[in-house]
Amino acid sequence: MVLSPFVALFWSISSGSLDLSFQEVFSLLLQGPGEAVEQVILWQIRLPRALLAGLVGAALSLSGTTFQAVLRNPLADPYLLGVSGGAALGAVIALTFGFQSSLILPLAAFVGAIAALSLVYMVAQAHTCSSHTLILAGVMVGSLAAALLLFLLWRAPSDATRQAIFWLAGNLSLADPDWLTWGWLWVTGGFLLLWLQAPNLDLLTQGEETAETLGLDVGRTRLVLFALAGALTACAVALAGLVGFVGLVIPHICRLLWGPGHRLLLPLSALLGGSFLMISDAIARSIYAPAEIPVGVVTAIMGAPFFLYLLRRKGGGL
Amino acid sequence: MIQVSNLGFAFAEHTIFEQLNFNVNKGEILSIIGPNGCGKSTLLRLLRGNLRASSGNITWDAVPVRDIPTKTLARKVAIVPQSTHIDFPYKVHEVVAMGRYPHRKSLLSFADKIDRQAIRHALAICDILNLAERPVTELSGGELQRVLVARALAQSTEVLFLDEATSHLDIDHRLELCELLIRLNREQGTTVVQISHDLDLAAAVSQRILLLTEHGKIAGIGTPVEVMTATNLHRVFRVDVKVEKNPFTGAPQILPMVNASIHQLAKLKIHLICGGGSGKSLLRRLHLAKAQITVGPLNRGDSDEALATALSIETVREQPYSPYSKESLKSAGCLIDRAEILIVTTLWWGTGNLACLQLAHKALDQQKTVYLVGSQQEHDYTGGKAWDWICRLKQQGARIVDNEELLLEELSNRRI
C-alpha cells in the first residue's frame, strides 16, 4: 500500500498524448529537468500534474474520512458542510470581477470555502448541537451559495461563465507550480495534525455523549477537526476545483478493507485517495488523447463498481 | 461523594425535576427505580454532567460537577449506557480499549502494559474474550451490552453508573453482573449507581434504593426494606404487588399480582368519578372489558379527561383548574341516573370536587351500587368534611375497595 502512490505516479507520468515507456520515464527522471521535448513534458507538465492529483486525492480522502467520523454519517463528504458552495462562489466572484490571474483564483476559492464553513459552524453553534443540525445547516448554506452562484453566472459574460463551469467540474491542469509546494506543505501539515487526533476521531464515532463520558472534550475537538478537514478541503478545491467522488468513496473503501480505526485509516485513505486520483487522471488524459475527459467522470466510472463489489462481498455494514 | 441539592431540570417547557435533594454515599450501591419516563436516565446524565441542571447544584466531593474537566471526571466515573448502536465496525477489543482513553498521557501514546492488561482483564471478566476480534456491529444486544460493561471496567474508575445494564442480558450473565457489582463494591469500594427495571435484583444488590414517582419526585430513599413496600410501589407504579422476604437472601421480593382471568363486563353501565390520573388505568381496563362507561365531571386538561376523550367516552367537562359548577354536577347527575354502578376513584379531596361525594350520596338513595376505591383520610384537604362524607357513605352501604384488581373481580362476579 505504501508503494502504491509511486506506482500510480509512474503510471501517471508515463501516459498521455505522447506515450513514454517505463524505461524512458526512468531514464528521463534520472537525467533531471532539461531542454529536450520529453524532458520538458515530463518535468514541467506531467510531474506537477500528477503530484497535484495525488495531493488533491489525499486531501479529499482525509477530509472525507474526518467528516464521516465526526458526523457519523456514511453520506458525508468533504463538500457536505457548504465548503464546495463557498469555494465555488469565491472563485466565480473572482472570475466575474475579471481577475484572471492564476494567483487570485485559488485564493478566492480558499477564502470562500473557509467563510462558508465558519458560517455553518456559527449558525449551528456546533459546540453543542447534534450532528443532524450541523448537516442541515451545511446543506442550507450550500444551497444559498449555489443560488448566489447561479445568479452570478447568469449575469456574467459568457466567457467567464465557461471558464467558471470548467473550473467547477474539477480541473487538474494546474496553472502555477508554485502553489504545488505550498499545497503539499499544507496537506502534509494537515495530515499530521489530523493523525494526532486519530483516537479522538475513534471516540467521536461512538456518539457525542459516549465520547464525553469517556473523557473527550467534544465541543473543542469537533472544532479542531472541522477546522483541519475544512482547511484540507479548501486547499484541494482551491487548486483543482470540485473533484467529486474521491472524498466520499475512498474512506468507505478503506474502512471496508482495513477497519474503522483511524490510526491506520487516515494514512491509508490518504495513500489510496492520492493514488486513485493520479490513475484516474492518467486515464482521463489518455483515452481521448490529446483531448481530456473530466476527471470526475473517470473517478466515478472506476470507483462506483469497485465500491459496489466490496459492499456486496462484505455484506453491507458501513 | 455526590451531593444533589435543590436540583431542578427541564427539557424546553417540560419540567422533569424540581427541588430534588439526595446524596450518593461513597462505597454504596444505590439503585434508582421508578416508572417509565420519570427521568431516571436524565438524572444519571445530570449526575455525570452530560446535562446542565437548570437550577440547584450537583457537587462531587464539594466541587460542582460543571467545574470538573470531562477527562478528570472520566477517570472518576464510567458509564454503561442503556443501549447504544455503534455504526462503525470496530472490533470488540478496540471498543473496550476506548475505555482507556482518559488514562492516556498524550494523543500520540500507544497502549502501554497497564492499558493492555486492563483491557484483557475486562474482556475476560465480561466473558467476551472469544468475541475480541469480532466487529461490534455483528453482535447481539446482550453481547454488545457486555462489551459496554467491559469498556466501563477498563476505565478503572471508583464510581460506576449503569443505565439498565442488565436489560438485554440472559439470566446467567445478569446474575454474574450483579455478583460482579457486589464484588467490586465490597473489594474495591466501588460506588455504584444503577437504574434498574428489575426490582428484585435491585433489592438484592443495593444498599439503598431511590424511588422516583412519575413526576420526578422522590417517593422514598433508604434501604430496600424501607422503600420497597407494597404501599410505595402501589403509589408509584399503580400496581398491586405483595412484598415478601426472599427466603435465601432476606431481601424484599416483589410478587406481582397478575390476574390470569380477563374480565368481561359487556353492557354493564358504569359511571366513573375520577381525576388527576386516579382513574387512568381503571378507565383503560373497563374500556377493554367493554363496559359502557361515562365519566365526569372532569377538568379539561386533566390526564383522565384526555384519556376519556381519546377512548371516546362520554364525559362531563369543566373549565381547567376550576371547581365543578352546578351545571356540570347536574349533567354528571344525569349520567349517573342512567348508570347501574358508580365508582369513585378520586384520591385528593378539596373544596372544588367535594360536591362529587354528594352525587355519590344521591346515587345511593337511588339504590345504585357505589364503590369507593382507595380512599384515604390523609388525602382530605377540606378540613375533614370530605372524610365525614366518606364515612357517611360507608354507613349507607357504599362499598370500600382497596384496589382496582378487587373491584374488577367484584364487578365481573356481579355479572354472573
# chains A, B, ... in the order shown; residues from 1 in each chain; ligands from 1
$ residues_around --residues "range 246-254 of chain B" --least-positions-apart "3" --cutoff "9 Å" --atoms "only C-alpha atoms" --output "list in words"
Leu199, Asp200, Leu201, Ala203, Ala204, Val205, Pro224, Val225, Met228, Thr229, Ala230, Val241, Lys242 and Val243 of chain B
$ residues_around --residues "range 79-83 of chain A" --least-positions-apart "4" --cutoff "8 Å" --atoms "only C-alpha atoms" --output "list in words"
Ala87, Gly112, Ala113, Ile114, Ala116, Leu117, Val120, Leu134, Ile135, Ala137, Gly138, Val139, Met140, Val141, Gly142, Ser143, Ala145, Gly230, Thr233 and Ala234 of chain A
$ write_last_selection --atoms "N, CA and C atoms" --output "PDB file, in the first residue's frame"
ATOM      1  N   ALA A  87     -16.519  27.730  -1.842  1.00  0.00           N
ATOM      2  CA  ALA A  87     -15.326  27.830  -2.686  1.00  0.00           C
ATOM      3  C   ALA A  87     -15.717  28.257  -4.097  1.00  0.00           C
ATOM      4  N   GLY A 112     -13.469  31.613   0.142  1.00  0.00           N
ATOM      5  CA  GLY A 112     -14.893  31.262   0.078  1.00  0.00           C
ATOM      6  C   GLY A 112     -15.208  30.016   0.884  1.00  0.00           C
ATOM      7  N   ALA A 113     -14.360  29.001   0.744  1.00  0.00           N
ATOM      8  CA  ALA A 113     -14.598  27.741   1.447  1.00  0.00           C
ATOM      9  C   ALA A 113     -14.546  27.926   2.950  1.00  0.00           C
ATOM     10  N   ILE A 114     -13.525  28.631   3.390  1.00  0.00           N
ATOM     11  CA  ILE A 114     -13.376  28.846   4.835  1.00  0.00           C
ATOM     12  C   ILE A 114     -14.536  29.675   5.369  1.00  0.00           C
ATOM     13  N   ALA A 116     -17.605  29.837   4.183  1.00  0.00           N
ATOM     14  CA  ALA A 116     -18.822  29.028   4.259  1.00  0.00           C
ATOM     15  C   ALA A 116     -18.782  28.116   5.476  1.00  0.00           C
ATOM     16  N   LEU A 117     -17.644  27.495   5.707  1.00  0.00           N
ATOM     17  CA  LEU A 117     -17.532  26.567   6.823  1.00  0.00           C
ATOM     18  C   LEU A 117     -17.718  27.282   8.161  1.00  0.00           C
ATOM     19  N   VAL A 120     -21.410  28.037   8.649  1.00  0.00           N
ATOM     20  CA  VAL A 120     -22.136  26.850   9.099  1.00  0.00           C
ATOM     21  C   VAL A 120     -21.877  26.621  10.578  1.00  0.00           C
ATOM     22  N   LEU A 134     -26.081  20.089  12.333  1.00  0.00           N
ATOM     23  CA  LEU A 134     -24.905  20.586  11.630  1.00  0.00           C
ATOM     24  C   LEU A 134     -25.010  20.288  10.138  1.00  0.00           C
ATOM     25  N   ILE A 135     -25.429  19.073   9.809  1.00  0.00           N
ATOM     26  CA  ILE A 135     -25.551  18.686   8.407  1.00  0.00           C
ATOM     27  C   ILE A 135     -26.592  19.558   7.724  1.00  0.00           C
ATOM     28  N   ALA A 137     -27.595  22.555   8.584  1.00  0.00           N
ATOM     29  CA  ALA A 137     -27.065  23.910   8.419  1.00  0.00           C
ATOM     30  C   ALA A 137     -26.118  23.955   7.235  1.00  0.00           C
ATOM     31  N   GLY A 138     -25.297  22.910   7.088  1.00  0.00           N
ATOM     32  CA  GLY A 138     -24.351  22.848   5.974  1.00  0.00           C
ATOM     33  C   GLY A 138     -25.061  22.820   4.641  1.00  0.00           C
ATOM     34  N   VAL A 139     -26.087  22.000   4.550  1.00  0.00           N
ATOM     35  CA  VAL A 139     -26.822  21.891   3.295  1.00  0.00           C
ATOM     36  C   VAL A 139     -27.490  23.229   2.957  1.00  0.00           C
ATOM     37  N   MET A 140     -28.006  23.908   3.993  1.00  0.00           N
ATOM     38  CA  MET A 140     -28.665  25.198   3.751  1.00  0.00           C
ATOM     39  C   MET A 140     -27.659  26.242   3.244  1.00  0.00           C
ATOM     40  N   VAL A 141     -26.534  26.337   3.912  1.00  0.00           N
ATOM     41  CA  VAL A 141     -25.530  27.310   3.465  1.00  0.00           C
ATOM     42  C   VAL A 141     -25.063  26.957   2.057  1.00  0.00           C
ATOM     43  N   GLY A 142     -24.925  25.663   1.788  1.00  0.00           N
ATOM     44  CA  GLY A 142     -24.535  25.219   0.456  1.00  0.00           C
ATOM     45  C   GLY A 142     -25.554  25.645  -0.593  1.00  0.00           C
ATOM     46  N   SER A 143     -26.851  25.484  -0.267  1.00  0.00           N
ATOM     47  CA  SER A 143     -27.894  25.862  -1.220  1.00  0.00           C
ATOM     48  C   SER A 143     -27.871  27.359  -1.470  1.00  0.00           C
ATOM     49  N   ALA A 145     -25.333  29.342  -1.229  1.00  0.00           N
ATOM     50  CA  ALA A 145     -24.181  29.664  -2.067  1.00  0.00           C
ATOM     51  C   ALA A 145     -24.454  29.272  -3.520  1.00  0.00           C
ATOM     52  N   GLY A 230     -11.755  21.135   7.050  1.00  0.00           N
ATOM     53  CA  GLY A 230     -12.138  22.249   6.197  1.00  0.00           C
ATOM     54  C   GLY A 230     -10.933  22.832   5.478  1.00  0.00           C
ATOM     55  N   THR A 233      -9.943  20.471   2.651  1.00  0.00           N
ATOM     56  CA  THR A 233     -10.864  20.569   1.517  1.00  0.00           C
ATOM     57  C   THR A 233     -10.648  21.869   0.769  1.00  0.00           C
ATOM     58  N   ALA A 234     -10.564  22.958   1.528  1.00  0.00           N
ATOM     59  CA  ALA A 234     -10.418  24.267   0.897  1.00  0.00           C
ATOM     60  C   ALA A 234      -9.183  24.286   0.015  1.00  0.00           C
TER      61      ALA A 234
END
$ closest_atom_pairs --of "chain A" --to "chain B" --cutoff "8 Å" --atoms "only C-alpha atoms" --output "tab-separated table"
residue	atom	partner	partner_atom	distance
A:Arg72	CA	B:Asp87	CA	7.5
A:Leu196	CA	B:Leu107	CA	6.0
A:Gln197	CA	B:Leu107	CA	6.8
A:Pro199	CA	B:Leu107	CA	7.0
A:Leu203	CA	B:Met98	CA	6.9
A:Thr205	CA	B:Phe88	CA	6.9
A:Gln206	CA	B:Ile86	CA	6.1
A:Glu209	CA	B:Asn50	CA	7.0
A:Glu212	CA	B:Thr70	CA	6.7
A:Thr213	CA	B:Ala74	CA	5.9
A:Leu214	CA	B:Ala74	CA	5.4
A:Gly215	CA	B:Lys71	CA	3.9
A:Leu216	CA	B:Lys71	CA	6.3
A:Asp217	CA	B:Thr70	CA	6.4
A:Gly259	CA	B:Tyr90	CA	6.7
A:Pro260	CA	B:Tyr90	CA	5.9
A:Gly261	CA	B:Tyr90	CA	6.9
A:Gly317	CA	B:Pro89	CA	7.1
A:Leu318	CA	B:Phe88	CA	6.3
$ write_last_selection --atoms "N, CA and C atoms" --output "mmCIF file, in the first residue's frame"
data_model
loop_
_atom_site.group_PDB
_atom_site.id
_atom_site.type_symbol
_atom_site.label_atom_id
_atom_site.label_comp_id
_atom_site.auth_asym_id
_atom_site.auth_seq_id
_atom_site.Cartn_x
_atom_site.Cartn_y
_atom_site.Cartn_z
ATOM 1 N N ARG A 72 -20.825 11.071 11.891
ATOM 2 C CA ARG A 72 -21.369 9.720 11.954
ATOM 3 C C ARG A 72 -22.402 9.506 10.856
ATOM 4 N N LEU A 196 -2.749 12.994 14.620
ATOM 5 C CA LEU A 196 -2.671 13.114 16.074
ATOM 6 C C LEU A 196 -4.045 12.955 16.701
ATOM 7 N N GLN A 197 -5.072 13.403 15.989
ATOM 8 C CA GLN A 197 -6.431 13.368 16.519
ATOM 9 C C GLN A 197 -7.099 12.011 16.333
ATOM 10 N N PRO A 199 -7.215 9.063 17.841
ATOM 11 C CA PRO A 199 -8.016 8.470 18.923
ATOM 12 C C PRO A 199 -9.284 9.270 19.217
ATOM 13 N N LEU A 203 -13.241 7.995 19.151
ATOM 14 C CA LEU A 203 -14.206 8.220 20.213
ATOM 15 C C LEU A 203 -15.479 8.878 19.688
ATOM 16 N N THR A 205 -16.852 8.614 16.848
ATOM 17 C CA THR A 205 -17.740 7.707 16.112
ATOM 18 C C THR A 205 -18.690 6.984 17.056
ATOM 19 N N GLN A 206 -18.396 6.973 18.345
ATOM 20 C CA GLN A 206 -19.259 6.291 19.311
ATOM 21 C C GLN A 206 -20.422 7.167 19.748
ATOM 22 N N GLU A 209 -22.244 11.779 23.283
ATOM 23 C CA GLU A 209 -22.358 11.616 24.720
ATOM 24 C C GLU A 209 -21.388 10.560 25.246
ATOM 25 N N GLU A 212 -18.038 11.934 25.413
ATOM 26 C CA GLU A 212 -17.868 12.808 26.573
ATOM 27 C C GLU A 212 -17.668 11.996 27.848
ATOM 28 N N THR A 213 -18.453 10.932 28.005
ATOM 29 C CA THR A 213 -18.293 10.149 29.233
ATOM 30 C C THR A 213 -16.950 9.426 29.259
ATOM 31 N N LEU A 214 -16.352 9.244 28.076
ATOM 32 C CA LEU A 214 -15.025 8.629 28.068
ATOM 33 C C LEU A 214 -13.920 9.665 28.225
ATOM 34 N N GLY A 215 -14.321 10.927 28.398
ATOM 35 C CA GLY A 215 -13.319 11.933 28.745
ATOM 36 C C GLY A 215 -12.907 12.854 27.614
ATOM 37 N N LEU A 216 -13.689 12.898 26.535
ATOM 38 C CA LEU A 216 -13.321 13.756 25.414
ATOM 39 C C LEU A 216 -14.048 15.094 25.520
ATOM 40 N N ASP A 217 -13.309 16.166 25.320
ATOM 41 C CA ASP A 217 -13.934 17.490 25.262
ATOM 42 C C ASP A 217 -14.538 17.644 23.860
ATOM 43 N N GLY A 259 -10.804 -1.772 8.237
ATOM 44 C CA GLY A 259 -11.450 -1.481 9.510
ATOM 45 C C GLY A 259 -11.475 0.005 9.815
ATOM 46 N N PRO A 260 -12.249 0.395 10.848
ATOM 47 C CA PRO A 260 -12.509 1.804 11.087
ATOM 48 C C PRO A 260 -11.513 2.540 11.990
ATOM 49 N N GLY A 261 -10.512 1.855 12.528
ATOM 50 C CA GLY A 261 -9.583 2.539 13.441
ATOM 51 C C GLY A 261 -8.800 3.626 12.712
ATOM 52 N N GLY A 317 -22.822 -3.123 6.105
ATOM 53 C CA GLY A 317 -22.153 -2.818 7.365
ATOM 54 C C GLY A 317 -21.081 -1.783 7.205
ATOM 55 N N LEU A 318 -21.495 -0.540 6.964
ATOM 56 C CA LEU A 318 -20.508 0.531 6.815
ATOM 57 C C LEU A 318 -20.092 1.025 8.178
#
$ select_by_dssp --residues "range 67-169 of chain B" --states "alpha helix (DSSP H)" --output "MDAnalysis selection string"
chainID B and resid 70:76 92:97 113:125 141:154
$ write_last_selection --atoms "N, CA and C atoms" --output "compact mmCIF listing (two decimals), in the first residue's frame"
# COMPACT_ATOMS: atom_id res chain seq x y z
N THR B 70 -13.89 17.25 31.81
CA THR B 70 -14.54 15.98 31.47
C THR B 70 -13.56 14.81 31.55
N LYS B 71 -12.28 15.06 31.28
CA LYS B 71 -11.30 13.97 31.34
C LYS B 71 -11.05 13.52 32.78
N THR B 72 -10.99 14.50 33.68
CA THR B 72 -10.83 14.16 35.09
C THR B 72 -12.02 13.35 35.57
N LEU B 73 -13.20 13.78 35.15
CA LEU B 73 -14.41 13.09 35.57
C LEU B 73 -14.44 11.67 34.98
N ALA B 74 -13.92 11.53 33.76
CA ALA B 74 -13.91 10.21 33.12
C ALA B 74 -12.97 9.25 33.84
N ARG B 75 -12.01 9.78 34.61
CA ARG B 75 -11.16 8.90 35.40
C ARG B 75 -11.83 8.52 36.71
N LYS B 76 -12.90 9.27 37.05
CA LYS B 76 -13.62 9.01 38.29
C LYS B 76 -14.81 8.10 38.08
N VAL B 92 -14.31 -5.69 18.90
CA VAL B 92 -14.69 -5.62 20.31
C VAL B 92 -13.54 -5.08 21.16
N HIS B 93 -12.32 -5.58 20.92
CA HIS B 93 -11.22 -5.13 21.78
C HIS B 93 -10.90 -3.65 21.55
N GLU B 94 -11.19 -3.16 20.33
CA GLU B 94 -10.95 -1.73 20.09
C GLU B 94 -11.92 -0.87 20.88
N VAL B 95 -13.19 -1.32 20.93
CA VAL B 95 -14.18 -0.56 21.70
C VAL B 95 -13.82 -0.58 23.18
N VAL B 96 -13.43 -1.75 23.68
CA VAL B 96 -13.05 -1.83 25.10
C VAL B 96 -11.83 -0.94 25.36
N ALA B 97 -10.91 -0.91 24.39
CA ALA B 97 -9.71 -0.08 24.55
C ALA B 97 -10.06 1.40 24.67
N LYS B 113 1.58 -1.26 28.97
CA LYS B 113 1.34 -2.56 29.58
C LYS B 113 0.09 -2.53 30.47
N ILE B 114 -0.05 -1.45 31.24
CA ILE B 114 -1.21 -1.35 32.13
C ILE B 114 -2.50 -1.34 31.32
N ASP B 115 -2.48 -0.57 30.22
CA ASP B 115 -3.65 -0.49 29.36
C ASP B 115 -4.03 -1.87 28.85
N ARG B 116 -3.02 -2.56 28.28
CA ARG B 116 -3.31 -3.86 27.68
C ARG B 116 -3.84 -4.84 28.71
N GLN B 117 -3.26 -4.76 29.92
CA GLN B 117 -3.71 -5.66 30.97
C GLN B 117 -5.15 -5.36 31.37
N ALA B 118 -5.44 -4.07 31.52
CA ALA B 118 -6.79 -3.68 31.91
C ALA B 118 -7.80 -4.13 30.86
N ILE B 119 -7.42 -4.03 29.58
CA ILE B 119 -8.33 -4.43 28.51
C ILE B 119 -8.57 -5.94 28.53
N ARG B 120 -7.47 -6.71 28.62
CA ARG B 120 -7.61 -8.17 28.67
C ARG B 120 -8.48 -8.58 29.86
N HIS B 121 -8.20 -7.96 30.98
CA HIS B 121 -8.91 -8.30 32.21
C HIS B 121 -10.41 -8.03 32.06
N ALA B 122 -10.73 -6.86 31.52
CA ALA B 122 -12.14 -6.50 31.35
C ALA B 122 -12.82 -7.47 30.38
N LEU B 123 -12.13 -7.83 29.31
CA LEU B 123 -12.69 -8.78 28.34
C LEU B 123 -12.96 -10.12 29.01
N ALA B 124 -12.00 -10.54 29.82
CA ALA B 124 -12.14 -11.85 30.48
C ALA B 124 -13.29 -11.84 31.47
N ILE B 125 -13.34 -10.79 32.29
CA ILE B 125 -14.37 -10.70 33.32
C ILE B 125 -15.75 -10.72 32.70
N GLY B 141 -27.73 -8.00 21.09
CA GLY B 141 -27.93 -6.96 22.10
C GLY B 141 -27.23 -7.28 23.41
N GLY B 142 -27.34 -8.53 23.85
CA GLY B 142 -26.73 -8.92 25.11
C GLY B 142 -25.22 -8.90 25.05
N GLU B 143 -24.68 -9.34 23.92
CA GLU B 143 -23.22 -9.34 23.76
C GLU B 143 -22.69 -7.91 23.75
N LEU B 144 -23.42 -7.04 23.03
CA LEU B 144 -22.99 -5.64 22.97
C LEU B 144 -23.01 -5.02 24.37
N GLN B 145 -24.03 -5.39 25.14
CA GLN B 145 -24.12 -4.83 26.48
C GLN B 145 -22.91 -5.25 27.33
N ARG B 146 -22.48 -6.50 27.16
CA ARG B 146 -21.32 -6.94 27.90
C ARG B 146 -20.05 -6.21 27.44
N VAL B 147 -20.02 -5.89 26.14
CA VAL B 147 -18.88 -5.11 25.64
C VAL B 147 -18.85 -3.75 26.32
N LEU B 148 -20.02 -3.15 26.47
CA LEU B 148 -20.07 -1.82 27.08
C LEU B 148 -19.71 -1.88 28.56
N VAL B 149 -20.10 -2.98 29.22
CA VAL B 149 -19.70 -3.16 30.62
C VAL B 149 -18.17 -3.28 30.68
N ALA B 150 -17.60 -4.06 29.74
CA ALA B 150 -16.15 -4.23 29.72
C ALA B 150 -15.45 -2.90 29.49
N ARG B 151 -16.00 -2.08 28.60
CA ARG B 151 -15.38 -0.77 28.34
C ARG B 151 -15.37 0.06 29.63
N ALA B 152 -16.49 0.00 30.37
CA ALA B 152 -16.56 0.75 31.63
C ALA B 152 -15.56 0.20 32.64
N LEU B 153 -15.40 -1.12 32.68
CA LEU B 153 -14.44 -1.70 33.63
C LEU B 153 -13.02 -1.31 33.26
N ALA B 154 -12.73 -1.29 31.95
CA ALA B 154 -11.39 -0.92 31.50
C ALA B 154 -11.06 0.50 31.91
$ residues_around --residues "Pro267 in chain A" --least-positions-apart "4" --cutoff "9 Å" --atoms "only C-alpha atoms" --output "list in words"
Ala58, Leu62, Phe191, Trp195, His262, Arg263, Leu271 and Leu272 of chain A
$ residues_around --residues "range 288-305 of chain B" --least-positions-apart "2" --cutoff "8 Å" --atoms "only C-alpha atoms" --output "CSV table (one decimal) with N, CA and C atoms, in the first residue's frame"
chain,number,residue,atom,x,y,z
B,262,ILE,N,-59.5,-12.7,32.4
B,262,ILE,CA,-59.7,-11.4,31.7
B,262,ILE,C,-61.2,-11.1,32.0
B,263,HIS,N,-61.4,-9.9,32.6
B,263,HIS,CA,-62.8,-9.6,33.0
B,263,HIS,C,-63.6,-9.2,31.8
B,264,GLN,N,-64.8,-9.7,31.8
B,264,GLN,CA,-65.8,-9.3,30.7
B,264,GLN,C,-66.9,-8.6,31.4
B,265,LEU,N,-67.1,-7.3,31.0
B,265,LEU,CA,-68.1,-6.5,31.7
B,265,LEU,C,-69.1,-5.9,30.6
B,266,ALA,N,-69.3,-6.7,29.6
B,266,ALA,CA,-70.1,-6.2,28.4
B,266,ALA,C,-71.4,-5.6,28.9
B,267,LYS,N,-71.7,-4.5,28.5
B,267,LYS,CA,-73.0,-3.8,28.7
B,267,LYS,C,-73.3,-3.4,30.1
B,268,LEU,N,-72.3,-3.6,31.0
B,268,LEU,CA,-72.5,-3.1,32.4
B,268,LEU,C,-72.4,-1.5,32.3
B,269,LYS,N,-73.4,-0.8,32.8
B,269,LYS,CA,-73.4,0.6,32.7
B,269,LYS,C,-72.7,1.2,34.0
B,270,ILE,N,-71.6,1.8,33.8
B,270,ILE,CA,-70.8,2.3,34.9
B,270,ILE,C,-70.5,3.8,34.7
B,271,HIS,N,-70.7,4.6,35.8
B,271,HIS,CA,-70.2,5.9,35.8
B,271,HIS,C,-69.0,6.0,36.7
B,272,LEU,N,-68.0,6.8,36.2
B,272,LEU,CA,-66.8,6.9,37.0
B,272,LEU,C,-66.5,8.3,37.4
B,273,ILE,N,-66.2,8.5,38.7
B,273,ILE,CA,-65.8,9.9,39.1
B,273,ILE,C,-64.3,9.7,39.4
B,274,CYS,N,-63.5,10.4,38.7
B,274,CYS,CA,-62.0,10.3,39.0
B,274,CYS,C,-61.4,11.7,38.8
B,275,GLY,N,-60.1,11.7,38.5
B,275,GLY,CA,-59.4,12.9,38.4
B,275,GLY,C,-57.9,12.8,38.7
B,276,GLY,N,-57.1,13.6,38.1
B,276,GLY,CA,-55.7,13.7,38.5
B,276,GLY,C,-55.0,12.4,38.2
B,277,GLY,N,-55.5,11.6,37.3
B,277,GLY,CA,-54.8,10.3,36.9
B,277,GLY,C,-55.2,9.2,37.7
B,278,SER,N,-56.1,9.4,38.7
B,278,SER,CA,-56.5,8.3,39.6
B,278,SER,C,-57.3,7.2,38.8
B,279,GLY,N,-58.0,7.7,37.8
B,279,GLY,CA,-58.9,6.7,37.1
B,279,GLY,C,-58.2,6.1,35.8
B,280,LYS,N,-57.0,6.5,35.6
B,280,LYS,CA,-56.4,6.2,34.3
B,280,LYS,C,-56.4,4.7,33.9
B,284,ARG,N,-59.0,2.5,31.3
B,284,ARG,CA,-58.5,1.6,30.2
B,284,ARG,C,-59.0,0.2,30.4
B,285,ARG,N,-59.0,-0.3,31.6
B,285,ARG,CA,-59.3,-1.7,31.8
B,285,ARG,C,-60.8,-1.9,31.6
B,286,LEU,N,-61.6,-0.9,32.1
B,286,LEU,CA,-63.1,-1.0,31.9
B,286,LEU,C,-63.4,-0.9,30.5
B,307,LEU,N,-57.6,11.0,28.5
B,307,LEU,CA,-57.7,9.6,28.2
B,307,LEU,C,-59.2,9.3,27.8
B,308,ALA,N,-60.1,9.8,28.6
B,308,ALA,CA,-61.5,9.6,28.3
B,308,ALA,C,-61.9,10.1,26.9
B,309,THR,N,-61.3,11.2,26.5
B,309,THR,CA,-61.6,11.8,25.2
B,309,THR,C,-61.0,10.8,24.1
B,313,ILE,N,-65.1,8.3,25.3
B,313,ILE,CA,-66.0,8.0,26.4
B,313,ILE,C,-66.8,9.3,26.7
B,314,GLU,N,-68.1,9.1,26.9
B,314,GLU,CA,-69.0,10.3,27.2
B,314,GLU,C,-68.5,10.9,28.5
B,315,THR,N,-68.2,12.2,28.5
B,315,THR,CA,-67.6,12.8,29.6
B,315,THR,C,-68.2,14.2,29.9
B,316,VAL,N,-68.4,14.5,31.2
B,316,VAL,CA,-68.8,15.9,31.6
B,316,VAL,C,-67.5,16.7,31.8
B,317,ARG,N,-67.4,17.8,31.1
B,317,ARG,CA,-66.1,18.6,31.1
B,317,ARG,C,-66.3,19.9,31.8
B,318,GLU,N,-65.3,20.3,32.5
B,318,GLU,CA,-65.3,21.6,33.3
B,318,GLU,C,-64.1,22.4,32.8
B,319,GLN,N,-64.2,23.7,33.0
B,319,GLN,CA,-63.0,24.6,32.7
B,319,GLN,C,-61.8,24.1,33.4
B,320,PRO,N,-60.6,24.3,32.8
B,320,PRO,CA,-59.4,23.8,33.5
B,320,PRO,C,-59.2,24.5,34.9
B,321,TYR,N,-58.7,23.8,35.8
B,321,TYR,CA,-58.4,24.3,37.2
B,321,TYR,C,-59.5,25.0,37.9
B,322,SER,N,-60.8,24.8,37.5
B,322,SER,CA,-61.8,25.5,38.3
B,322,SER,C,-62.6,24.5,39.0
B,324,TYR,N,-65.9,22.4,40.3
B,324,TYR,CA,-67.0,21.9,39.4
B,324,TYR,C,-68.3,22.8,39.6
B,328,SER,N,-72.3,21.4,35.6
B,328,SER,CA,-71.6,20.2,35.3
B,328,SER,C,-72.0,19.1,36.3
B,329,LEU,N,-72.2,19.5,37.5
B,329,LEU,CA,-72.6,18.5,38.5
B,329,LEU,C,-74.0,17.9,38.1
B,332,ALA,N,-73.5,15.6,35.3
B,332,ALA,CA,-73.0,14.3,35.8
B,332,ALA,C,-74.1,13.5,36.5
B,335,LEU,N,-76.0,11.5,34.0
B,335,LEU,CA,-75.3,10.3,33.6
B,335,LEU,C,-75.4,9.2,34.6
$ residues_around --residues "range 359-372 of chain B" --least-positions-apart "6" --cutoff "7 Å" --atoms "only C-alpha atoms" --output "list of chain:residue names"
B:Gly333, B:Glu340, B:Ile341, B:Leu342, B:Ile343, B:Val344, B:Thr345, B:Leu393, B:Ala398, B:Arg399, B:Ile400, B:Val401
$ select_by_dssp --residues "range 208-241 of chain B" --states "strand (DSSP E or B)" --output "ChimeraX atom specification"
/B:208-212,218-222,241
$ residues_around --residues "range 2-4 of chain B" --least-positions-apart "2" --cutoff "12 Å" --atoms "only C-alpha atoms" --output "PyMOL selection string"
chain B and resi 6-8+17-28+30+43-44+46-49+53+55-65+76-77+159+191-193
$ atom_distance --atom1 "CA of Gly39 in chain B" --atom2 "CA of Val227 in chain B"
18.5 Å
$ residues_around --residues "Gly37 in chain B" --least-positions-apart "2" --cutoff "9 Å" --atoms "only C-alpha atoms" --output "list in words"
Gly34, Pro35, Gly39, Lys40, Ser41, Glu214, His215 and Gly216 of chain B
$ atom_distance --atom1 "CA of Glu378 in chain B" --atom2 "CA of Thr231 in chain B"
14.0 Å
